[in-house]
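Worksheet: one structure, shown below.
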Amino acid sequence: MPQLVYRRYGGSLQVDIPDFNTLTEAVRIPATQWMALACPLEGIACDPHFLALMDGDGNNRIRVEELRGAVDWTAARLADRKGADAGSDVLELAALSPTASKLQGAAELVLRTLQATDTTRLSLEQLRTSDKALRDAGKNGDGIIAPTSLPDRLRPLAQAIITAFPAVTNRAGLVGVDVALVQRFRAERTALLEHLAGRDAVFTWGATSLEQAKRVHEVAPLLDGYFMQCRLVAAQPEAAASLRLRAERVEGALGDLGAMGKAAGDLPIAPPDPSGVLVWAKLYRGPGYERLEAFHQEVATPLLGDGVKLTDTAWRELSAKAEAILGWQAKRDTSALAAVSDTLATVSDEELDALEAASREDLSLKGTLDVIAELERLVLYQRWLLLFSNNFISMPSLYLPRMRALMEKGTLILGGRKYTLSVLVTDRASHSALTGQGTTCILYVKVMPKDGADGYEVAVPVTSGRSTDLVVGKRGVFYDVDGKEHDAIVTQVIRQPVSLWEAMTMPFMRIGSFITSKVEGLAASGDKDFNASLEAGYKQTVTAPPPTATPAAAPAAAPAAAPAGVGIAGVLAAGGIAFAAVGSALAFILTQVKSLTLVDVITAATILAIVVMAPAGLLGWMKLRRRNLALLLEGSGWALNDRLILTPGVARLITRRPKLPKGSRVDRMDLVRGALRHAEDDDEAESMSPWARLGLTLLILFVLGWQVRTQVTEWLCTYHWLSDDSCRMLLPKLVPTALPGALDTGATGAATPAAPAPVPAK
């Protein structure tokens, strides 16, 4: 018994299953040590028929016990398991165990059918080719023989049977005949032939019997009613008066053709005769007159030989013969073999026996062909079972870049990076609801095949680099596991930090986004309000009534004050106030910053960055350590036991940015600059106008002068470049009352020397 070895993959402890013998022991470990407990059939890159065979209960999921049963079934039939170790789809017949003796017989039948030169091995392709060959040869094992598989002399009979009865279809999808169908045909044929043999005894009127019977049946209601009226009159003579129309009914029907026709239809076809005789000459010209007269001339007279009258007894005999003819015909028409009744006599019992024999011969192959189906199961299990177990009991392929896991759909190239892991998503809403509870950044990408086939959606984890550039609508290219290229577009992003630096800088990005959104909102709101004010002012100006002349007696009357904020003056006033407020705020900020040294500014910025980035970095580090790929698979229907921890090494394997090709060189020269110089030489420059340049220069000089206005004013006052009054007005706190050069006469009136001028402020 091989020793089980557990290996660690990305922080997850998994049993190593290198060969099939180890697999037979690995399936015995407790289910709690398996990586997966169940998985869906969708999204797994292997043979669909293999997955269908693994799904024993047909619920579109593969569970632990189903995998254990498949391993045990395969181990019992393979004595040599080298083919299973290699994942080969070629079965060596010598590798079969004694338990698989029936499988070996089926394999030999397949090889004989294909006329293979090598009879020691059988491939999956040969099996599936042989299945088609056996079907084409009419060997299905279900006893249903298609006409094309029968000799030429039996094909018309088989086709007639197929036409007569509900179709039965064989495994090849062809309509054919089986023993039960042939036996039913035999019974129906015997009964119909017996029925046809009694035709002459019923058709007593010759070749026109059926047509005459139909004519009798057509007038039967009229004649049956007449002879019943005759019996009534015979029993009660005064009833004859009651069979006539009342006078008021006749008067009411006058002028109404419909009412008159209905009234005429209620009358007898002729005067009722108590003796039960209808005299054709006494027929009333009622609604049925024409039919009865035609029946008299074409049916009754030729059949009865009496063209004057029709007795009750003769009519009953005529009607009974007609009903017998119609009943015989109805029974023939309802037979399943009515369409081929004319050729039934030519069908021999030997032909029917030959059909039954062919069906029984095919049915005798059922056991062998069923074994061939089991043979395909064995080859598929040999090819896929070990690989599937390494994606179910263990999942090493999910962590190794050179191996492709079965649940992977392909590789995404997007934004200069290569994302090597992707899984199928059938319901994005439920999948994103689950992955949103985790800490992994997930992209949902719509894959659109170029051949026009139906697209599908995949979930792609982003594990390194940056996620800020990954937005909905971004396009890329997707390569499936077969290497086919498809268009891809991002449909949803589950935003989470991808790296520690991104986690630390994410608060600043959010602050920037918040400020930008607020500024844009305020700008849009202000622009809207300004446009509304302009519109209102314009309307008031246009719609204002013209000024009326005031009386001369009151010239001193003051004009009424205009409403505040009305017209363009109000708009300008509001704009001036707003500009002043903004200027004051900027002046305050500049004053505060001016009082700080460069070291203070750097220190404050550093402390602010540490205060914001340290907690964000700690939280980001914790999120990065808790990233779990299990949610990615569980959202697609997998049931997992353990977490698939995303370590930094695994993260770099899943999301990669390949290096430049080996031996390549990077030219640092920017070729756009040269092109820009050529464009400037060829194109006319669109520079600022001289007035705009002058205005910008004056604005810069004003801003710079405003920053040093105090120092310049002190210097000008110190050296008497400004008058005393100007200095007192501009610098009331720094310039003394006795300015330089001023004389203090005092009480004596004598002039005293002025105090020394203040030292210029540094």
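Identifiers in this document derive from the order of the structure tokens: chains are assigned A, B, ..., residues are numbered from 1 separately in each chain, and ligands are numbered from 1 in order of occurrence.
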
- Message: Quick one: residues within 10 Å of A:Ala405, only C-alpha atoms, excluding same-chain residues fewer than 3 positions away - as a ChimeraX atom specification?
- Response: /A:44-45,387-388,390-391,395-402,408-410,421,481

- Message: Taking only C-alpha atoms into account, name the residue in A:Leu37, A:Val168, A:Leu386, A:Met54 that is nearest to A:Asp19.
- Response: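 Result for the nearest residue to A:Asp19: A:Leu386.
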
- Which of these residues is nearest to A:Thr491, using only C-alpha atoms: A:Val219, A:Leu93, A:Val472, A:Ala639?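 Using only C-alpha atoms, the shortest distance to A:Thr491 belongs to A:Val472.
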
Run DSSP on the backbone and give me the residues of stretch 325-442 of chain A it puts in strand (DSSP E), as a short mmCIF file (atom, residue, chain, number, x, y, z; two decimals) with N, CA and C atoms, in the first residue's frame.
```cif
data_model
loop_
_atom_site.label_atom_id
_atom_site.label_comp_id
_atom_site.auth_asym_id
_atom_site.auth_seq_id
_atom_site.Cartn_x
_atom_site.Cartn_y
_atom_site.Cartn_z
N GLY A 410 -9.45 30.13 -18.90
CA GLY A 410 -8.47 30.69 -19.82
C GLY A 410 -7.70 31.83 -19.18
N THR A 411 -7.07 32.64 -20.04
CA THR A 411 -6.19 33.73 -19.61
C THR A 411 -6.71 35.04 -20.18
N LEU A 412 -6.73 36.06 -19.33
CA LEU A 412 -7.19 37.39 -19.74
C LEU A 412 -6.00 38.33 -19.86
N ILE A 413 -5.93 39.06 -20.97
CA ILE A 413 -4.92 40.11 -21.17
C ILE A 413 -5.67 41.44 -21.12
N LEU A 414 -5.36 42.24 -20.11
CA LEU A 414 -6.11 43.48 -19.90
C LEU A 414 -5.23 44.49 -19.19
N ARG A 417 -1.54 43.69 -18.25
CA ARG A 417 -1.26 42.60 -17.32
C ARG A 417 -1.90 41.31 -17.82
N LYS A 418 -1.39 40.22 -17.30
CA LYS A 418 -1.84 38.88 -17.69
C LYS A 418 -2.47 38.21 -16.48
N TYR A 419 -3.76 37.90 -16.58
CA TYR A 419 -4.50 37.27 -15.49
C TYR A 419 -4.72 35.80 -15.87
N VAL A 423 -12.70 31.63 -13.80
CA VAL A 423 -13.68 30.55 -13.65
C VAL A 423 -14.99 30.99 -14.27
N LEU A 424 -15.78 30.01 -14.71
CA LEU A 424 -17.06 30.29 -15.36
C LEU A 424 -18.06 30.81 -14.34
N VAL A 425 -18.85 31.79 -14.77
CA VAL A 425 -19.92 32.36 -13.93
C VAL A 425 -21.22 32.24 -14.70
N CYS A 441 -10.04 41.49 -4.94
CA CYS A 441 -10.56 42.27 -6.06
C CYS A 441 -10.92 41.31 -7.20
N ILE A 442 -12.16 41.39 -7.67
CA ILE A 442 -12.66 40.47 -8.68
C ILE A 442 -13.17 41.25 -9.88
#
```
